[in-house]
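Chemist: Have a look at the structure that comes next, please.
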Amino acid sequence: MWWLLIFRNPHRRLFDLQTFRPSDIFRMKYIEPHAHMVSRTTDDYEKLAIAGCEVLCEPAFWAGFDRSSAAGFYDYFRQLTDYEPKRAAKFGIQHYCWLCINPKEADDPGFAREVMDIMPQFLDCPNVLGIGEIGLNKNTRNELAIFEEHVQLALDRELPILIHTPHLEDKLKGTRLILDSLATFSKLDRAKVIIDHVEEHTISQVLDAGYWAGMTLYPQSKCSPNRAIDMLEIYGTERLWMNSACDWGVSDPLAVPRCMLEMKKRQHTAAAIEQIVYHNPRKFLSQSPRFV
Amino acid sequence: MPSKQELLDLQFIDARHKLIDLAAFLDRIDRHPGADDFRYAALKAALPILLTDRPDRARAVLDAFSDHSTEPIPKAVFQGALGAPR
Ligand SMILES: [Zn+2]
């Protein structure tokens with residue numbers, strides 16, 4: 001237990017009981033801007049609420065397997081717009097979502113367009129913030145074409161956009177392709193676009209181009225808390241948020257509050273922590289008229 | 001901002017643990033039968049970056065594990081990612 005180590009630490013400079021109060025952060029409210037709760041248990045909602053989560057946003061994504069028909073997405077969109085908000089509300093958490101067909105299943109453009117035909121039925125639901133998480137997976141031509149059709153849909157409806165960047169070795173190339181593609185949309189308001197899952201090799205390109213950037217605290221394949229904090233220290237807190245992206249894989253719904261604790265250990269002030277986990281996501285999300 | 005000494009107090013044991021684990025992984029791959037592949041080669045190629053003095057070693061390691069081609073591909077051969085380009 002870390003609090004026992006404090007007494008054994010001869011230096012006692014960093015994490016001193018005299019100055020550290022768990023209530024400084026454990027009472028702090030925060031927003032989880034990216035979590036796939038359809039894959040999580042109700043117990044997770046309870047843990048999130050206990051940790052201080054007040055608002056949670058769920059982008060539409062891959063379910064861990066390919067759906068067999070577009071009707072599978074009809075039910076998924078019902079789950080995101082009707083069932084999950086009710087499940088979250090039982091714990092005092094406000095649930096919002098983003099809708100799209102994810103890049104993994106967008107490599108079949110005929111199928112993707114069938115799903116996109118269903119989307120307008122749901123885009124006016126009260127918890128729908130915008131279009132997401134669109135993006136690329138293996139950086140294919142079809143993925144890029146469907147990505148661009150989603151961007152156009154968002155522009156037509158004046159909705160914010162949440163973008164997924166590819167995994168591991170594909171992230172750098174995918175981020176560049178996404179940025180090149182977005183640059184062709186002359187009417188796009190870059191402040192209404194967040195490019196998620198940035199890491200050290202992609203963050204500066206995203207921020208320099210004027211977009212928001214999301215740092216995902218996900219075991220092994222994305223950022224650790226300490227790497228995310230490094231990026232905060234290097235790039236500042238403007239236009240950045242942190243999320244867990246917890247889903248059907250080994251992932252941690254409490255990744256954001258765990259990172260808040262690491263920030264505290266690294267002497268970030270309570271105000272600085274609240275800025276990144278509450279005020280920043282609130283600022284970006286408030287661009288959707290549905291976000292209240 | 002914490003001093004170097006404070007960060008060492010906080011994180012040295014964790015970093016030491018990760019380095020020993022990596023060393024043991026290299027030993028394990030060498031000890032076991034069969035051929036290694038592009039992933040192992042990419043890992044070994046990235047290791048010297050750790051000994052440089054550049055301020056962005058994490059970024060350089062990520063760059064070393066990245067596909068640097070620039071054109072979208074015609075069709076995905078598989079859906080996942082392996083962590084290093086073939
Ligand atoms: Zn996601």
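Lettering and numbering for the structure tokens are positional, with chains as A, B, ... in the shown order, residues counted from 1 in each chain, and ligands counted from 1 in the shown order.
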List every residue of stretch 27-84 of chain B that DSSP, applied to the backbone of this structure, assigns to helix (DSSP H, G or I), and report them as a list in words.
Modeler: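 For stretch 27-84 of chain B, the helix (DSSP H, G or I) set is Asp27, Arg28, Ile29, Asp30, Arg31, Phe38, Arg39, Tyr40, Ala41, Ala42, Leu43, Lys44, Ala45, Ala46, Leu47, Pro48, Ile49, Leu50, Leu51, Arg57, Ala58, Arg59, Ala60, Val61, Leu62, Asp63 and Ala64 of chain B.
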Chemist: I'd like a table as a Markdown table: residues in chain A with an atom no more than 8 Å from chain B, each row giving the shortest atom pair and its distance in Å to one decimal, only C-alpha atoms counted, sorted by chain and rising residue number.
Modeler:
```
| residue | atom | partner | partner_atom | distance |
| --- | --- | --- | --- | --- |
| A:Arg13 | CA | B:Glu6 | CA | 7.1 |
| A:Leu14 | CA | B:Glu6 | CA | 6.4 |
| A:Lys104 | CA | B:Gln79 | CA | 7.0 |
| A:Asp107 | CA | B:Lys75 | CA | 7.7 |
| A:Asn137 | CA | B:Gln79 | CA | 7.5 |
| A:Lys138 | CA | B:Ala76 | CA | 6.0 |
| A:Asn139 | CA | B:Pro72 | CA | 5.3 |
| A:Thr140 | CA | B:Ile73 | CA | 4.6 |
| A:Arg141 | CA | B:Pro72 | CA | 5.4 |
| A:Asn142 | CA | B:Lys75 | CA | 7.6 |
| A:Leu144 | CA | B:Pro72 | CA | 7.9 |
| A:His167 | CA | B:Ala81 | CA | 6.3 |
| A:Leu168 | CA | B:Gly83 | CA | 5.0 |
| A:Glu169 | CA | B:Ser66 | CA | 4.1 |
| A:Asp170 | CA | B:Asp67 | CA | 5.9 |
| A:Lys171 | CA | B:Ser66 | CA | 7.3 |
| A:Leu172 | CA | B:Ser66 | CA | 6.3 |
| A:Lys173 | CA | B:Thr70 | CA | 6.3 |
| A:Leu177 | CA | B:Thr70 | CA | 7.6 |
| A:Glu199 | CA | B:Arg59 | CA | 7.9 |
| A:Glu200 | CA | B:Arg59 | CA | 4.9 |
| A:His201 | CA | B:Arg59 | CA | 4.8 |
| A:Arg266 | CA | B:Pro2 | CA | 6.2 |
| A:Gln267 | CA | B:Met1 | CA | 6.1 |
| A:His268 | CA | B:Met1 | CA | 7.4 |
```
Chemist: Would you mind listing the residues within 8 Å of ligand 1, counting only C-alpha atoms and all ligand atoms, as a list in words?
Modeler: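 Listing the residues within 8 Å of ligand 1 gives His34, Ala35, His36, Glu58, Pro59, Ala60, Phe61, Glu133, His164, Ala245, Cys246 and Asp247 of chain A.
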Chemist: Would you save the residues of that selection, restricted to C-alpha atoms, as a compact mmCIF listing (two decimals), in the first residue's frame?
Modeler:
```txt
# COMPACT_ATOMS: atom_id res chain seq x y z
CA HIS A 34 -14.36 8.28 -24.42
CA ALA A 35 -15.63 4.97 -23.01
CA HIS A 36 -17.35 2.01 -24.65
CA GLU A 58 -19.49 6.90 -25.77
CA PRO A 59 -18.35 6.96 -29.40
CA ALA A 60 -19.75 4.31 -31.72
CA PHE A 61 -17.09 1.73 -32.47
CA GLU A 133 -15.37 7.80 -33.80
CA HIS A 164 -9.95 7.53 -34.08
CA ALA A 245 -11.37 4.28 -24.09
CA CYS A 246 -12.31 1.29 -21.94
CA ASP A 247 -14.00 -1.33 -24.07
```
Chemist: Taking 4 positions as the minimum chain separation for residues in the same chain, which residues sit within 8 Å of A:Arg113 when counting only C-alpha atoms? Answer as a list in words.
Modeler: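 Once the nearby chain positions are removed, what remains is Pro109, Asp117 and Ile146 of chain A.
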Chemist: For each of A:Leu155, A:Leu48, A:Ile161, A:Met263, take the minimum atom-to-atom distance to A:Ile131, counting only C-alpha atoms, then give the residue where this is smallest.
Modeler: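 Looking at the shortest contact to A:Ile131, the residue is A:Ile161.
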Chemist: So that I can check the surroundings of A:Ala255, please list as a ChimeraX atom specification every protein, DNA and RNA residue that reaches within 8 Å of it, counting only C-alpha atoms and ignoring chain neighbours fewer than 2 positions away.
Modeler: /A:217-218,225,243-244,252-253,257-259
Chemist: Would you output that residue set with C-alpha atoms, as a PDB file, in the first residue's frame?
Modeler:
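As written to disk, out36.pdb reads:
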```
ATOM      1  CA  LEU A 217      -4.804   5.769 -21.204  1.00  0.00           C
ATOM      2  CA  TYR A 218      -4.925   2.176 -22.401  1.00  0.00           C
ATOM      3  CA  PRO A 225      -0.477   7.792 -17.299  1.00  0.00           C
ATOM      4  CA  ASN A 243      -9.754   9.296 -21.698  1.00  0.00           C
ATOM      5  CA  SER A 244      -9.733   5.591 -20.892  1.00  0.00           C
ATOM      6  CA  ASP A 252      -9.429   0.270 -17.240  1.00  0.00           C
ATOM      7  CA  PRO A 253     -12.581   2.364 -16.768  1.00  0.00           C
ATOM      8  CA  PRO A 257      -8.777   9.035 -12.006  1.00  0.00           C
ATOM      9  CA  ARG A 258      -5.627   6.891 -11.778  1.00  0.00           C
ATOM     10  CA  CYS A 259      -3.867   9.410 -14.005  1.00  0.00           C
TER      11      CYS A 259
END
```
Chemist: So how far away is atom CA of A:Ala89 from atom CA of A:Ala49, in Å?
Modeler: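 Computing it gives 10.1 Å between the two atoms.
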Chemist: May I ask for the distance between atom CA of A:Glu54 and atom CA of A:His95, given in Å to one decimal place?
Modeler: 8.9 Å
Chemist: When you count only C-alpha atoms, which of these residues is closest to A:Phe284: A:Gly132, A:Pro166, A:Pro160, A:Gly236?
Modeler: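 Of A:Gly132, A:Pro166, A:Pro160, A:Gly236, the one nearest A:Phe284 is A:Pro160, counting only C-alpha atoms.
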